[in-house]
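Just target.csv here, CSV, C-alpha atoms and all ligand atoms:
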chain,number,residue,atom,x,y,z
P,1312,MET,CA,18.9,113.4,-50.8
P,1313,THR,CA,16.0,111.1,-50.3
P,1314,GLU,CA,12.7,111.8,-48.7
P,1315,ARG,CA,14.2,110.5,-45.5
P,1316,GLY,CA,17.1,112.9,-45.6
P,1317,ALA,CA,19.8,110.3,-46.4
P,1318,PRO,CA,21.6,109.9,-49.7
P,1319,PRO,CA,19.6,107.5,-51.9
P,1320,VAL,CA,20.6,103.9,-52.2
P,1321,THR,CA,21.3,103.4,-55.9
P,1322,ILE,CA,21.5,100.5,-58.4
P,1323,THR,CA,25.2,99.7,-59.0
P,1324,ASP,CA,25.0,96.5,-61.1
P,1325,VAL,CA,22.4,94.2,-62.7
P,1326,LYS,CA,23.6,90.6,-63.1
P,1327,THR,CA,21.8,87.9,-65.2
P,1328,ILE,CA,22.3,84.4,-63.8
P,1329,LEU,CA,21.5,81.5,-66.1
P,1330,THR,CA,21.2,78.1,-64.3
P,1331,ALA,CA,19.5,74.8,-64.9
P,1332,PRO,CA,19.5,72.7,-61.8
P,1333,ASN,CA,17.4,69.6,-62.6
P,1334,GLY,CA,17.6,70.5,-66.3
P,1335,ILE,CA,15.1,73.4,-66.4
P,1336,ARG,CA,16.5,76.6,-67.9
P,1337,LEU,CA,16.1,79.4,-65.3
P,1338,VAL,CA,16.9,83.1,-65.5
P,1339,VAL,CA,17.4,85.0,-62.3
P,1340,VAL,CA,18.4,88.7,-62.0
P,1341,LYS,CA,20.6,90.0,-59.2
P,1342,VAL,CA,20.5,93.7,-58.5
P,1343,LEU,CA,23.4,95.1,-56.5
P,1344,THR,CA,23.2,98.4,-54.7
P,1345,SER,CA,25.4,101.2,-53.3
P,1346,GLU,CA,24.8,99.9,-49.8
P,1347,PRO,CA,27.4,97.2,-49.1
P,1348,GLY,CA,25.9,93.7,-48.9
P,1349,LEU,CA,22.4,94.8,-50.0
P,1350,TYR,CA,21.1,93.2,-53.1
P,1351,GLY,CA,17.8,91.8,-54.5
P,1352,LEU,CA,16.7,88.9,-56.7
P,1353,GLY,CA,14.0,88.6,-59.3
P,1354,CYS,CA,12.8,85.9,-61.6
P,1355,ALA,CA,13.1,86.5,-65.4
P,1356,THR,CA,12.5,82.9,-66.5
P,1357,PHE,CA,11.2,82.5,-70.1
P,1358,THR,CA,12.5,79.0,-70.5
P,1359,GLN,CA,11.8,78.7,-74.2
P,1360,ARG,CA,13.8,82.0,-75.0
P,1361,PRO,CA,16.1,82.5,-72.0
P,1362,LEU,CA,19.0,83.8,-74.1
P,1363,ALA,CA,16.8,86.5,-75.6
P,1364,VAL,CA,15.8,87.7,-72.1
P,1365,ALA,CA,19.4,87.7,-71.0
P,1366,THR,CA,20.3,90.0,-73.9
P,1367,ALA,CA,17.4,92.3,-73.1
P,1368,ILE,CA,18.6,92.6,-69.5
P,1369,ASN,CA,22.3,93.0,-70.2
P,1370,GLU,CA,22.0,95.3,-73.2
P,1371,TYR,CA,18.9,97.4,-72.3
P,1372,VAL,CA,17.6,97.1,-68.7
P,1373,LYS,CA,21.0,97.3,-67.1
P,1374,PRO,CA,22.3,100.5,-68.7
P,1375,PHE,CA,18.8,102.1,-68.3
P,1376,VAL,CA,18.7,101.6,-64.5
P,1377,LEU,CA,22.3,102.0,-63.3
P,1378,GLY,CA,22.5,104.8,-60.8
P,1379,ARG,CA,18.7,105.0,-60.2
P,1380,ASP,CA,17.2,105.2,-56.7
P,1381,VAL,CA,16.2,101.6,-55.6
P,1382,ASP,CA,13.2,103.0,-53.7
P,1383,ARG,CA,11.5,104.3,-56.8
P,1384,ILE,CA,10.0,101.0,-58.0
P,1385,GLU,CA,6.9,102.4,-59.7
P,1386,ASP,CA,8.7,105.2,-61.4
P,1387,ILE,CA,11.5,102.8,-62.7
P,1388,TRP,CA,8.8,100.3,-63.9
P,1389,GLN,CA,6.9,103.0,-65.9
P,1390,ALA,CA,10.0,104.5,-67.4
P,1391,LEU,CA,11.5,101.2,-68.4
P,1392,TYR,CA,8.1,100.0,-69.8
P,1393,VAL,CA,7.9,102.8,-72.4
P,1394,SER,CA,11.7,103.0,-73.1
P,1395,SER,CA,11.4,100.3,-75.8
P,1396,TYR,CA,8.5,102.3,-77.4
P,1397,TRP,CA,7.0,98.9,-78.6
P,1398,ARG,CA,6.3,97.3,-75.3
P,1399,SER,CA,5.3,94.2,-73.4
P,1400,GLY,CA,5.8,90.8,-74.9
P,1401,PRO,CA,7.3,87.8,-73.0
P,1402,VAL,CA,11.0,88.8,-73.6
P,1403,LEU,CA,10.8,92.4,-72.5
P,1404,SER,CA,8.3,91.6,-69.7
P,1405,ASN,CA,10.5,88.9,-68.2
P,1406,ALA,CA,13.5,91.2,-68.4
P,1407,MET,CA,11.4,93.9,-66.5
P,1408,SER,CA,10.2,91.3,-64.0
P,1409,GLY,CA,13.8,90.3,-63.1
P,1410,LEU,CA,14.5,93.9,-62.1
P,1411,ASP,CA,11.1,94.7,-60.6
P,1412,GLU,CA,11.0,91.7,-58.2
P,1413,ALA,CA,14.6,92.4,-57.2
P,1414,LEU,CA,13.6,96.0,-56.3
P,1415,TRP,CA,10.7,94.7,-54.2
P,1416,ASP,CA,13.1,92.3,-52.5
P,1417,ILE,CA,15.5,95.2,-51.7
P,1418,LYS,CA,12.8,97.4,-50.4
P,1419,ALA,CA,11.5,94.7,-48.0
P,1420,LYS,CA,15.1,94.0,-46.9
P,1421,ARG,CA,15.6,97.7,-46.2
P,1422,ALA,CA,12.4,97.7,-44.2
P,1423,GLY,CA,13.5,94.5,-42.3
P,1424,MET,CA,10.3,92.7,-43.2
P,1425,PRO,CA,9.1,89.8,-45.3
P,1426,LEU,CA,7.7,91.2,-48.5
P,1427,TYR,CA,4.1,90.4,-47.8
P,1428,GLN,CA,4.2,92.9,-45.0
P,1429,LEU,CA,4.7,95.7,-47.6
P,1430,PHE,CA,1.7,94.5,-49.5
P,1431,GLY,CA,-0.6,94.9,-46.4
P,1432,GLY,CA,0.3,91.9,-44.2
P,1433,LYS,CA,-1.0,88.4,-44.1
P,1434,ALA,CA,-4.6,87.7,-45.2
P,1435,ARG,CA,-3.9,84.0,-44.6
P,1436,GLU,CA,-1.4,81.9,-42.6
P,1437,ALA,CA,-0.1,79.9,-45.6
P,1438,VAL,CA,-0.8,79.4,-49.2
P,1439,PRO,CA,-2.9,76.4,-50.4
P,1440,VAL,CA,-1.3,74.8,-53.5
P,1441,TYR,CA,-2.3,72.4,-56.2
P,1442,THR,CA,0.0,69.8,-57.7
P,1443,HIS,CA,-0.1,67.6,-60.8
P,1444,ALA,CA,-1.3,64.0,-61.0
P,1445,SER,CA,-1.0,62.3,-64.4
P,1446,GLY,CA,-1.5,58.8,-65.6
P,1447,ALA,CA,-2.2,56.4,-68.4
P,1448,SER,CA,-5.7,55.4,-67.2
P,1449,PRO,CA,-8.4,56.6,-64.8
P,1450,THR,CA,-7.2,54.2,-62.1
P,1451,GLU,CA,-3.6,55.2,-62.5
P,1452,VAL,CA,-4.6,58.9,-62.1
P,1453,GLU,CA,-6.7,58.0,-59.1
P,1454,GLU,CA,-3.8,56.2,-57.4
P,1455,ARG,CA,-1.6,59.4,-57.9
P,1456,VAL,CA,-4.4,61.6,-56.6
P,1457,ARG,CA,-4.8,59.4,-53.5
P,1458,ALA,CA,-1.0,59.5,-52.9
P,1459,PHE,CA,-1.1,63.3,-52.9
P,1460,MET,CA,-4.2,63.4,-50.7
P,1461,GLU,CA,-2.3,61.3,-48.1
P,1462,GLN,CA,0.4,64.0,-48.1
P,1463,GLY,CA,-2.2,66.6,-47.3
P,1464,PHE,CA,-2.9,68.0,-50.8
P,1465,ARG,CA,-6.5,69.0,-51.3
P,1466,TYR,CA,-6.3,70.5,-54.8
P,1467,ILE,CA,-4.9,68.3,-57.6
P,1468,ARG,CA,-4.7,68.8,-61.3
P,1469,VAL,CA,-5.6,65.6,-63.2
P,1470,GLN,CA,-4.4,64.8,-66.7
P,1471,MET,CA,-4.6,61.5,-68.5
P,1472,ALA,CA,-2.7,60.1,-71.5
P,1473,ILE,CA,-4.7,59.2,-74.6
P,1474,PRO,CA,-3.3,56.0,-76.2
P,1475,GLY,CA,-1.3,56.8,-79.4
P,1476,LEU,CA,-1.3,60.5,-78.8
P,1477,THR,CA,1.0,63.0,-77.0
P,1478,THR,CA,-1.4,64.5,-74.4
P,1479,TYR,CA,-0.6,67.6,-72.4
P,1480,GLY,CA,0.7,66.5,-69.0
P,1481,SER,CA,1.8,63.1,-70.3
P,1482,ARG,CA,3.8,61.6,-73.1
P,1483,GLY,CA,3.4,59.0,-75.9
P,1484,GLY,CA,2.4,58.7,-79.4
P,1485,THR,CA,3.9,57.7,-82.7
P,1486,ALA,CA,3.7,59.6,-85.9
P,1487,ILE,CA,2.9,58.1,-89.3
P,1488,PRO,CA,6.2,58.5,-91.2
P,1489,ALA,CA,4.7,59.6,-94.5
P,1490,LEU,CA,2.6,62.3,-92.9
P,1491,ASN,CA,5.1,63.5,-90.3
P,1492,PRO,CA,8.6,63.0,-91.6
P,1493,ALA,CA,10.3,64.6,-88.6
P,1494,GLN,CA,8.4,62.2,-86.3
P,1495,THR,CA,7.3,65.0,-84.0
P,1496,ARG,CA,4.8,64.4,-81.2
P,1497,THR,CA,1.3,63.8,-82.4
P,1498,TRP,CA,-2.1,64.9,-81.2
P,1499,GLU,CA,-5.8,64.7,-82.2
P,1500,PRO,CA,-8.5,66.6,-80.3
P,1501,THR,CA,-11.6,64.3,-80.5
P,1502,PRO,CA,-10.3,61.3,-78.5
P,1503,TYR,CA,-9.2,63.7,-75.9
P,1504,VAL,CA,-12.5,65.5,-75.4
P,1505,HIS,CA,-14.2,62.2,-75.0
P,1506,ALA,CA,-11.7,60.9,-72.5
P,1507,VAL,CA,-11.7,63.8,-70.1
P,1508,PRO,CA,-15.4,63.5,-68.9
P,1509,ARG,CA,-14.8,59.7,-68.4
P,1510,LEU,CA,-11.7,60.4,-66.3
P,1511,LEU,CA,-13.6,63.0,-64.1
P,1512,GLU,CA,-16.6,60.7,-63.7
P,1513,HIS,CA,-14.3,57.9,-62.5
P,1514,LEU,CA,-12.5,60.2,-60.1
P,1515,ARG,CA,-15.7,61.7,-58.6
P,1516,VAL,CA,-17.2,58.2,-58.0
P,1517,ALA,CA,-13.9,56.8,-56.6
P,1518,LEU,CA,-12.9,59.9,-54.5
P,1519,GLY,CA,-16.1,61.6,-53.6
P,1520,GLU,CA,-16.4,65.3,-53.1
P,1521,ASP,CA,-13.6,65.9,-50.6
P,1522,VAL,CA,-10.9,66.8,-53.1
P,1523,GLU,CA,-10.8,69.7,-55.5
P,1524,LEU,CA,-10.0,68.6,-59.1
P,1525,LEU,CA,-8.5,70.8,-61.8
P,1526,HIS,CA,-7.8,70.2,-65.4
P,1527,ASP,CA,-5.7,72.0,-68.1
P,1528,VAL,CA,-6.9,71.8,-71.7
P,1529,HIS,CA,-3.8,73.7,-72.8
P,1530,GLU,CA,-5.6,75.5,-75.7
P,1531,ARG,CA,-5.3,72.3,-77.8
P,1532,ILE,CA,-8.8,71.8,-79.2
P,1533,PRO,CA,-11.0,73.7,-81.6
P,1534,PRO,CA,-13.2,76.3,-79.9
P,1535,ILE,CA,-16.5,74.4,-80.5
P,1536,GLN,CA,-15.1,71.3,-78.9
P,1537,GLY,CA,-14.0,73.4,-76.0
P,1538,LEU,CA,-17.6,74.6,-75.5
P,1539,TRP,CA,-18.8,71.0,-75.7
P,1540,LEU,CA,-16.2,69.9,-73.1
P,1541,ALA,CA,-17.0,72.6,-70.6
P,1542,LYS,CA,-20.6,71.5,-70.6
P,1543,ALA,CA,-19.7,67.8,-70.5
P,1544,VAL,CA,-17.6,68.1,-67.4
P,1545,GLU,CA,-20.0,70.4,-65.5
P,1546,PRO,CA,-21.5,67.6,-63.4
P,1547,TYR,CA,-18.1,66.7,-61.9
P,1548,ARG,CA,-17.7,70.1,-60.2
P,1549,LEU,CA,-14.2,71.0,-61.2
P,1550,PHE,CA,-12.4,73.7,-59.2
P,1551,PHE,CA,-11.4,75.0,-62.5
P,1552,LEU,CA,-11.0,74.1,-66.2
P,1553,GLU,CA,-7.9,75.9,-67.5
P,1554,ASP,CA,-7.0,77.4,-70.9
P,1555,LEU,CA,-10.0,76.0,-72.7
P,1556,PHE,CA,-9.2,78.4,-75.6
P,1557,ALA,CA,-6.1,79.8,-77.1
P,1558,PRO,CA,-5.5,83.6,-76.4
P,1559,GLU,CA,-6.5,84.1,-80.1
P,1560,ASP,CA,-10.0,82.7,-79.4
P,1561,ILE,CA,-11.0,84.4,-76.1
P,1562,ASP,CA,-14.3,85.7,-77.5
P,1563,TYR,CA,-15.6,82.1,-77.1
P,1564,PHE,CA,-15.7,82.5,-73.3
P,1565,ARG,CA,-18.9,84.5,-73.7
P,1566,LEU,CA,-20.6,81.4,-75.2
P,1567,VAL,CA,-19.3,79.1,-72.5
P,1568,ARG,CA,-20.5,81.5,-69.7
P,1569,ALA,CA,-24.0,81.5,-71.2
P,1570,GLN,CA,-24.3,77.8,-71.2
P,1571,CYS,CA,-22.7,76.2,-68.1
P,1572,ALA,CA,-21.2,76.9,-64.7
P,1573,THR,CA,-17.9,75.2,-65.1
P,1574,PRO,CA,-15.3,77.5,-63.4
P,1575,LEU,CA,-12.9,78.9,-65.9
P,1576,ALA,CA,-9.2,79.7,-65.5
P,1577,MET,CA,-7.3,81.5,-68.2
P,1578,GLY,CA,-4.3,83.5,-68.9
P,1579,GLU,CA,-0.9,81.8,-68.5
P,1580,LEU,CA,0.0,83.0,-72.0
P,1581,PHE,CA,-1.1,86.6,-71.5
P,1582,VAL,CA,1.5,89.3,-71.5
P,1583,ASN,CA,-0.5,92.5,-71.8
P,1584,GLN,CA,-3.4,94.1,-69.9
P,1585,ALA,CA,-5.3,94.4,-73.1
P,1586,GLU,CA,-5.7,90.6,-73.1
P,1587,TYR,CA,-6.9,90.1,-69.5
P,1588,VAL,CA,-8.8,93.2,-68.6
P,1589,PRO,CA,-11.8,92.6,-71.0
P,1590,LEU,CA,-12.2,89.0,-69.8
P,1591,MET,CA,-12.2,90.1,-66.2
P,1592,ARG,CA,-14.3,93.2,-66.6
P,1593,GLU,CA,-17.1,91.2,-68.2
P,1594,ARG,CA,-16.7,88.4,-65.6
P,1595,LEU,CA,-16.1,85.8,-68.3
P,1596,ILE,CA,-13.5,83.9,-66.2
P,1597,ASP,CA,-13.2,83.0,-62.6
P,1598,PHE,CA,-9.4,82.7,-62.1
P,1599,ILE,CA,-6.7,84.8,-63.6
P,1600,ARG,CA,-3.7,82.6,-64.4
P,1601,VAL,CA,-0.9,84.9,-65.5
P,1602,HIS,CA,2.7,84.0,-65.2
P,1603,ILE,CA,3.9,87.0,-63.1
P,1604,SER,CA,7.2,87.4,-64.8
P,1605,ASP,CA,5.5,87.4,-68.2
P,1606,ILE,CA,3.4,90.5,-67.4
P,1607,GLY,CA,6.4,92.4,-66.0
P,1608,GLY,CA,6.7,91.4,-62.3
P,1609,LEU,CA,5.1,92.2,-59.0
P,1610,THR,CA,4.3,95.8,-59.8
P,1611,PRO,CA,1.7,95.0,-62.5
P,1612,ALA,CA,0.6,91.8,-60.7
P,1613,ARG,CA,-0.4,93.7,-57.6
P,1614,LYS,CA,-2.6,96.0,-59.7
P,1615,LEU,CA,-4.1,93.0,-61.5
P,1616,ALA,CA,-4.9,91.3,-58.2
P,1617,ALA,CA,-6.6,94.4,-56.9
P,1618,PHE,CA,-8.6,94.8,-60.1
P,1619,GLY,CA,-9.8,91.1,-59.8
P,1620,GLU,CA,-10.9,91.7,-56.2
P,1621,PHE,CA,-13.5,94.3,-57.3
P,1622,LEU,CA,-14.8,91.9,-60.0
P,1623,GLY,CA,-14.9,88.6,-58.0
P,1624,VAL,CA,-12.0,87.1,-60.1
P,1625,ARG,CA,-9.6,85.1,-58.0
P,1626,SER,CA,-5.9,84.6,-58.4
P,1627,ALA,CA,-4.2,81.4,-59.7
P,1628,TRP,CA,-0.7,82.5,-60.7
P,1629,HIS,CA,1.1,80.2,-63.0
P,1630,GLY,CA,3.6,78.1,-61.0
P,1631,PRO,CA,5.3,75.4,-63.1
P,1632,GLY,CA,8.8,74.1,-62.8
P,1633,ASP,CA,10.0,76.8,-65.2
P,1634,VAL,CA,9.4,79.5,-62.6
P,1635,SER,CA,12.5,79.8,-60.4
P,1636,PRO,CA,12.2,79.5,-56.6
P,1637,VAL,CA,12.6,83.3,-56.6
P,1638,GLY,CA,9.5,83.6,-58.8
P,1639,HIS,CA,7.6,81.1,-56.6
P,1640,ALA,CA,8.5,83.2,-53.6
P,1641,ALA,CA,7.2,86.3,-55.4
P,1642,ASN,CA,3.9,84.4,-56.1
P,1643,MET,CA,3.7,83.4,-52.5
P,1644,HIS,CA,4.2,86.8,-51.0
P,1645,LEU,CA,1.4,88.2,-53.1
P,1646,ASP,CA,-0.8,85.2,-52.4
P,1647,LEU,CA,-0.3,85.8,-48.6
P,1648,ALA,CA,-1.5,89.4,-48.8
P,1649,ILE,CA,-4.5,89.5,-51.2
P,1650,SER,CA,-8.1,88.8,-50.3
P,1651,ASN,CA,-9.1,87.4,-53.7
P,1652,PHE,CA,-6.6,84.6,-53.6
P,1653,GLY,CA,-7.9,81.5,-55.4
P,1654,ILE,CA,-5.2,78.8,-55.5
P,1655,GLN,CA,-1.4,78.6,-56.2
P,1656,GLU,CA,0.0,76.1,-58.7
P,1657,LEU,CA,3.2,74.5,-57.5
P,1658,SER,CA,5.7,72.2,-59.2
P,1659,LEU,CA,7.4,70.5,-56.2
P,1660,PHE,CA,11.0,71.8,-55.9
P,1661,PRO,CA,13.6,69.0,-56.4
P,1662,GLU,CA,16.5,68.8,-54.0
P,1663,GLY,CA,19.1,70.2,-56.5
P,1664,THR,CA,17.0,73.3,-57.0
P,1665,ARG,CA,16.6,73.9,-53.3
P,1666,GLU,CA,20.4,73.7,-52.9
P,1667,VAL,CA,21.0,76.4,-55.5
P,1668,PHE,CA,18.3,78.6,-54.0
P,1669,PRO,CA,18.6,78.5,-50.1
P,1670,GLY,CA,15.4,79.7,-48.5
P,1671,THR,CA,13.1,78.2,-51.2
P,1672,PRO,CA,9.6,78.1,-49.7
P,1673,GLU,CA,8.7,75.0,-47.8
P,1674,VAL,CA,5.7,72.8,-48.8
P,1675,ARG,CA,3.9,71.1,-45.9
P,1676,ASP,CA,0.5,69.4,-45.8
P,1677,GLY,CA,-0.5,71.0,-49.2
P,1678,TYR,CA,0.5,74.5,-48.2
P,1679,LEU,CA,3.4,76.8,-49.1
P,1680,TRP,CA,5.0,78.3,-46.0
P,1681,CYS,CA,6.9,81.6,-45.9
P,1682,ASN,CA,10.2,81.6,-44.0
P,1683,GLU,CA,9.8,85.1,-42.5
P,1684,GLN,CA,13.2,86.4,-43.6
P,1685,PRO,CA,13.3,90.0,-44.8
P,1686,GLY,CA,12.6,90.4,-48.5
P,1687,LEU,CA,11.5,87.5,-50.7
P,1688,GLY,CA,13.4,85.2,-48.3
P,1689,VAL,CA,15.2,83.3,-51.1
P,1690,ASP,CA,18.9,83.6,-52.0
P,1691,ILE,CA,21.0,82.1,-54.7
P,1692,ASP,CA,24.3,80.2,-54.4
P,1693,GLU,CA,26.0,81.6,-57.5
P,1694,GLN,CA,29.0,79.2,-57.4
P,1695,LEU,CA,26.6,76.2,-57.3
P,1696,ALA,CA,24.3,77.8,-59.9
P,1697,ALA,CA,27.3,78.0,-62.3
P,1698,LYS,CA,27.7,74.2,-62.0
P,1699,TYR,CA,24.4,73.7,-63.8
P,1700,PRO,CA,24.8,75.3,-67.3
P,1701,PHE,CA,21.8,75.1,-69.7
P,1702,PRO,CA,21.6,71.6,-71.2
P,1703,GLU,CA,22.3,71.1,-74.9
P,1704,HIS,CA,19.2,71.4,-77.1
P,1705,PRO,CA,18.9,71.8,-80.8
P,1706,TYR,CA,16.7,74.9,-80.5
P,1707,ASN,CA,18.0,76.3,-77.2
P,1708,GLY,CA,15.1,75.1,-75.2
P,1709,ALA,CA,12.2,75.7,-77.6
P,1710,TRP,CA,8.8,74.1,-77.0
P,1711,PRO,CA,8.6,70.7,-78.7
P,1712,GLU,CA,6.7,70.6,-82.0
P,1713,VAL,CA,3.3,68.9,-81.9
P,1714,ARG,CA,1.4,68.0,-85.1
P,1715,ARG,CA,-1.9,66.3,-85.9
P,1716,LEU,CA,-1.9,62.9,-87.6
P,1717,ASP,CA,-2.1,64.5,-91.0
P,1718,GLY,CA,1.0,66.6,-90.2
P,1719,THR,CA,-0.7,70.0,-89.3
P,1720,VAL,CA,1.1,72.0,-86.6
P,1721,VAL,CA,-1.1,72.5,-83.5
P,1722,LYS,CA,-0.9,74.9,-80.5
P,1723,PRO,CA,1.1,73.5,-77.6
J,1,MG,MG,-1.6,75.6,-67.9

Whole structure given in structure tokens:
Amino acid sequence: MTERGAPPVTITDVKTILTAPNGIRLVVVKVLTSEPGLYGLGCATFTQRPLAVATAINEYVKPFVLGRDVDRIEDIWQALYVSSYWRSGPVLSNAMSGLDEALWDIKAKRAGMPLYQLFGGKAREAVPVYTHASGASPTEVEERVRAFMEQGFRYIRVQMAIPGLTTYGSRGGTAIPALNPAQTRTWEPTPYVHAVPRLLEHLRVALGEDVELLHDVHERIPPIQGLWLAKAVEPYRLFFLEDLFAPEDIDYFRLVRAQCATPLAMGELFVNQAEYVPLMRERLIDFIRVHISDIGGLTPARKLAAFGEFLGVRSAWHGPGDVSPVGHAANMHLDLAISNFGIQELSLFPEGTREVFPGTPEVRDGYLWCNEQPGLGVDIDEQLAAKYPFPEHPYNGAWPEVRRLDGTVVKP
């Protein structure tokens, strides 16, 4: 019997759904229950290793949770977390997130409320989002920013291609055959760090102060060039500069903090609290950027948000195209309810993705709007999802290899 005197609703099946509408490999978990018609959905998308996540769910998560009480989200999370002994990491965290978000979806459906209500109710009416403007020159980026501003967006991430190189957020570049026989993408840090301040200066002169500009370094430059770049872009008042360092180099944030006031966002590659807690506790970053399914779902993300509130660190959950609409809805429900919300990244949902996921959050005037259905508010059309198998890829979706001109592998 449950605390309410009725028999508990239990987990009767855990299904892993693999689908790639618009070519992006998505992993969604559907948790079925002993109550007819009651189920929940969670995002478990790790698009570079989706088949490993599917195995973790089918072979380890599912047998561990069958028959358990759906109401005991915290208990299930803690038990599952230590059940592998060696814990966290993107594969196991995503597998846990698929289950965890589905259990929150179920609990809110049982309560007859949209999920944000269980998190304390709305702290804002809708969620401001930022989108991505890329181009081959400052004027091309400016044109794209203006087009987004006309649609009502006030936060825009700006990235510019560097001639001859494959820059994050844009493509291009030719390798020298003798140095890079596989002809992978090429990259050099120095032309990039000189181009970014020029881009931002152009945009501030052209657009004024009415738009918030963001930029993602994507951990691609040596730490000392990162320090130089953070200082060089300070006059252009970024909303944030993202992933200035690789997770392996986070001690450098202390040096940046001591030398300039450029707002710093970090953490989309983090999978473990040992990585983000020290940075936040010492107030070395301004925005925590974790990918919620990569830290294990909404259960840990709620705690992370609350921790940040006490330290003045705002949220900026990772929200690229390789988060399913279920995961974007999870981001949104947390965004609606927390007081230290910063900004939400959004990759605009293509029509094909919306058809597979009825109830996908709406984007209007630069905001994400909740549909007020009980739970996460997003469903999946499984028959339609099955029509979009993962596309063929030589490495099952692995991140493309990038090398310097001399052939050295660089971080993504
Ligand atoms: Mg990023």

Checklist line | Close residues, Leu1414 (chain P) itself excluded, 7 Å, all atoms listed in the file, min 2 positions apart in chain, as a list in words | finding: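 These residues fall inside the cut-off: Gly1351, Val1381, Ile1384, Leu1410, Asp1411, Glu1412, Asp1416, Ile1417 and Lys1418 of chain P.
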
Next item on the list: Please measure the separation of CA of Gly1519 (chain P) and CA of Val1456 (chain P), giving the value in Å to one decimal.
Entry: 12.1 Å

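Between Ser1408 (chain P) and the residues P:Met1643, P:Leu1575, P:Val1342, P:Leu1362, the shortest atom-to-atom distance, using all atoms listed in the file, involves P:Val1342.
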
List every protein, DNA or RNA residue with an atom no more than 10 Å from (13.5, 74.1, -54.5) in the file's coordinates, counting all atoms listed in the file, and format the result as an mmCIF file with C-alpha atoms, in the coordinates of the input.
data_model
loop_
_atom_site.group_PDB
_atom_site.id
_atom_site.type_symbol
_atom_site.label_atom_id
_atom_site.label_comp_id
_atom_site.auth_asym_id
_atom_site.auth_seq_id
_atom_site.Cartn_x
_atom_site.Cartn_y
_atom_site.Cartn_z
ATOM 1 C CA PRO P 1332 19.500 72.700 -61.800
ATOM 2 C CA GLY P 1632 8.800 74.100 -62.800
ATOM 3 C CA SER P 1635 12.500 79.800 -60.400
ATOM 4 C CA PRO P 1636 12.200 79.500 -56.600
ATOM 5 C CA VAL P 1637 12.600 83.300 -56.600
ATOM 6 C CA HIS P 1639 7.600 81.100 -56.600
ATOM 7 C CA SER P 1658 5.700 72.200 -59.200
ATOM 8 C CA LEU P 1659 7.400 70.500 -56.200
ATOM 9 C CA PHE P 1660 11.000 71.800 -55.900
ATOM 10 C CA PRO P 1661 13.600 69.000 -56.400
ATOM 11 C CA GLU P 1662 16.500 68.800 -54.000
ATOM 12 C CA GLY P 1663 19.100 70.200 -56.500
ATOM 13 C CA THR P 1664 17.000 73.300 -57.000
ATOM 14 C CA ARG P 1665 16.600 73.900 -53.300
ATOM 15 C CA GLU P 1666 20.400 73.700 -52.900
ATOM 16 C CA VAL P 1667 21.000 76.400 -55.500
ATOM 17 C CA PHE P 1668 18.300 78.600 -54.000
ATOM 18 C CA PRO P 1669 18.600 78.500 -50.100
ATOM 19 C CA GLY P 1670 15.400 79.700 -48.500
ATOM 20 C CA THR P 1671 13.100 78.200 -51.200
ATOM 21 C CA PRO P 1672 9.600 78.100 -49.700
ATOM 22 C CA GLU P 1673 8.700 75.000 -47.800
ATOM 23 C CA VAL P 1674 5.700 72.800 -48.800
ATOM 24 C CA VAL P 1689 15.200 83.300 -51.100
#

List every residue of chain P that has an atom at most 8 Å from any atom of ligand MG 1 (chain J), and for each one report the closest atom pair and its distance in Å to one decimal, counting all atoms listed in the file, with rows sorted by chain and then by increasing residue number, as JSON lines.
{"residue": "P:Asp1527", "atom": "CA", "partner": "J:MG1", "partner_atom": "MG", "distance": 5.5}
{"residue": "P:Val1528", "atom": "CA", "partner": "J:MG1", "partner_atom": "MG", "distance": 7.5}
{"residue": "P:His1529", "atom": "CA", "partner": "J:MG1", "partner_atom": "MG", "distance": 5.7}
{"residue": "P:Glu1553", "atom": "CA", "partner": "J:MG1", "partner_atom": "MG", "distance": 6.3}
{"residue": "P:Asp1554", "atom": "CA", "partner": "J:MG1", "partner_atom": "MG", "distance": 6.4}
{"residue": "P:Glu1579", "atom": "CA", "partner": "J:MG1", "partner_atom": "MG", "distance": 6.3}
{"residue": "P:His1629", "atom": "CA", "partner": "J:MG1", "partner_atom": "MG", "distance": 7.2}

Item checked: Polymer residues at most 7 Å from Leu1687 (chain P), all atoms listed in the file, same-chain spacing of 2 or more positions, as a ChimeraX atom specification -> /P:1416,1425-1426,1640-1641,1685,1689

Using all atoms listed in the file, determine which residues lie at most 10 Å from Tyr1587 (chain P), disregarding the query and same-chain residues fewer than 4 positions distant; provide the list as a short mmCIF file (atom, residue, chain, number, x, y, z; two decimals) with C-alpha atoms, in the coordinates of the input.
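Written file, part.cif:
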data_model
loop_
_atom_site.label_atom_id
_atom_site.label_comp_id
_atom_site.auth_asym_id
_atom_site.auth_seq_id
_atom_site.Cartn_x
_atom_site.Cartn_y
_atom_site.Cartn_z
CA PRO P 1558 -5.50 83.60 -76.40
CA ILE P 1561 -11.00 84.40 -76.10
CA MET P 1577 -7.30 81.50 -68.20
CA GLY P 1578 -4.30 83.50 -68.90
CA PHE P 1581 -1.10 86.60 -71.50
CA VAL P 1582 1.50 89.30 -71.50
CA ASN P 1583 -0.50 92.50 -71.80
CA MET P 1591 -12.20 90.10 -66.20
CA ARG P 1592 -14.30 93.20 -66.60
CA ILE P 1596 -13.50 83.90 -66.20
CA ILE P 1599 -6.70 84.80 -63.60
CA ARG P 1600 -3.70 82.60 -64.40
CA VAL P 1601 -0.90 84.90 -65.50
CA LEU P 1615 -4.10 93.00 -61.50
#
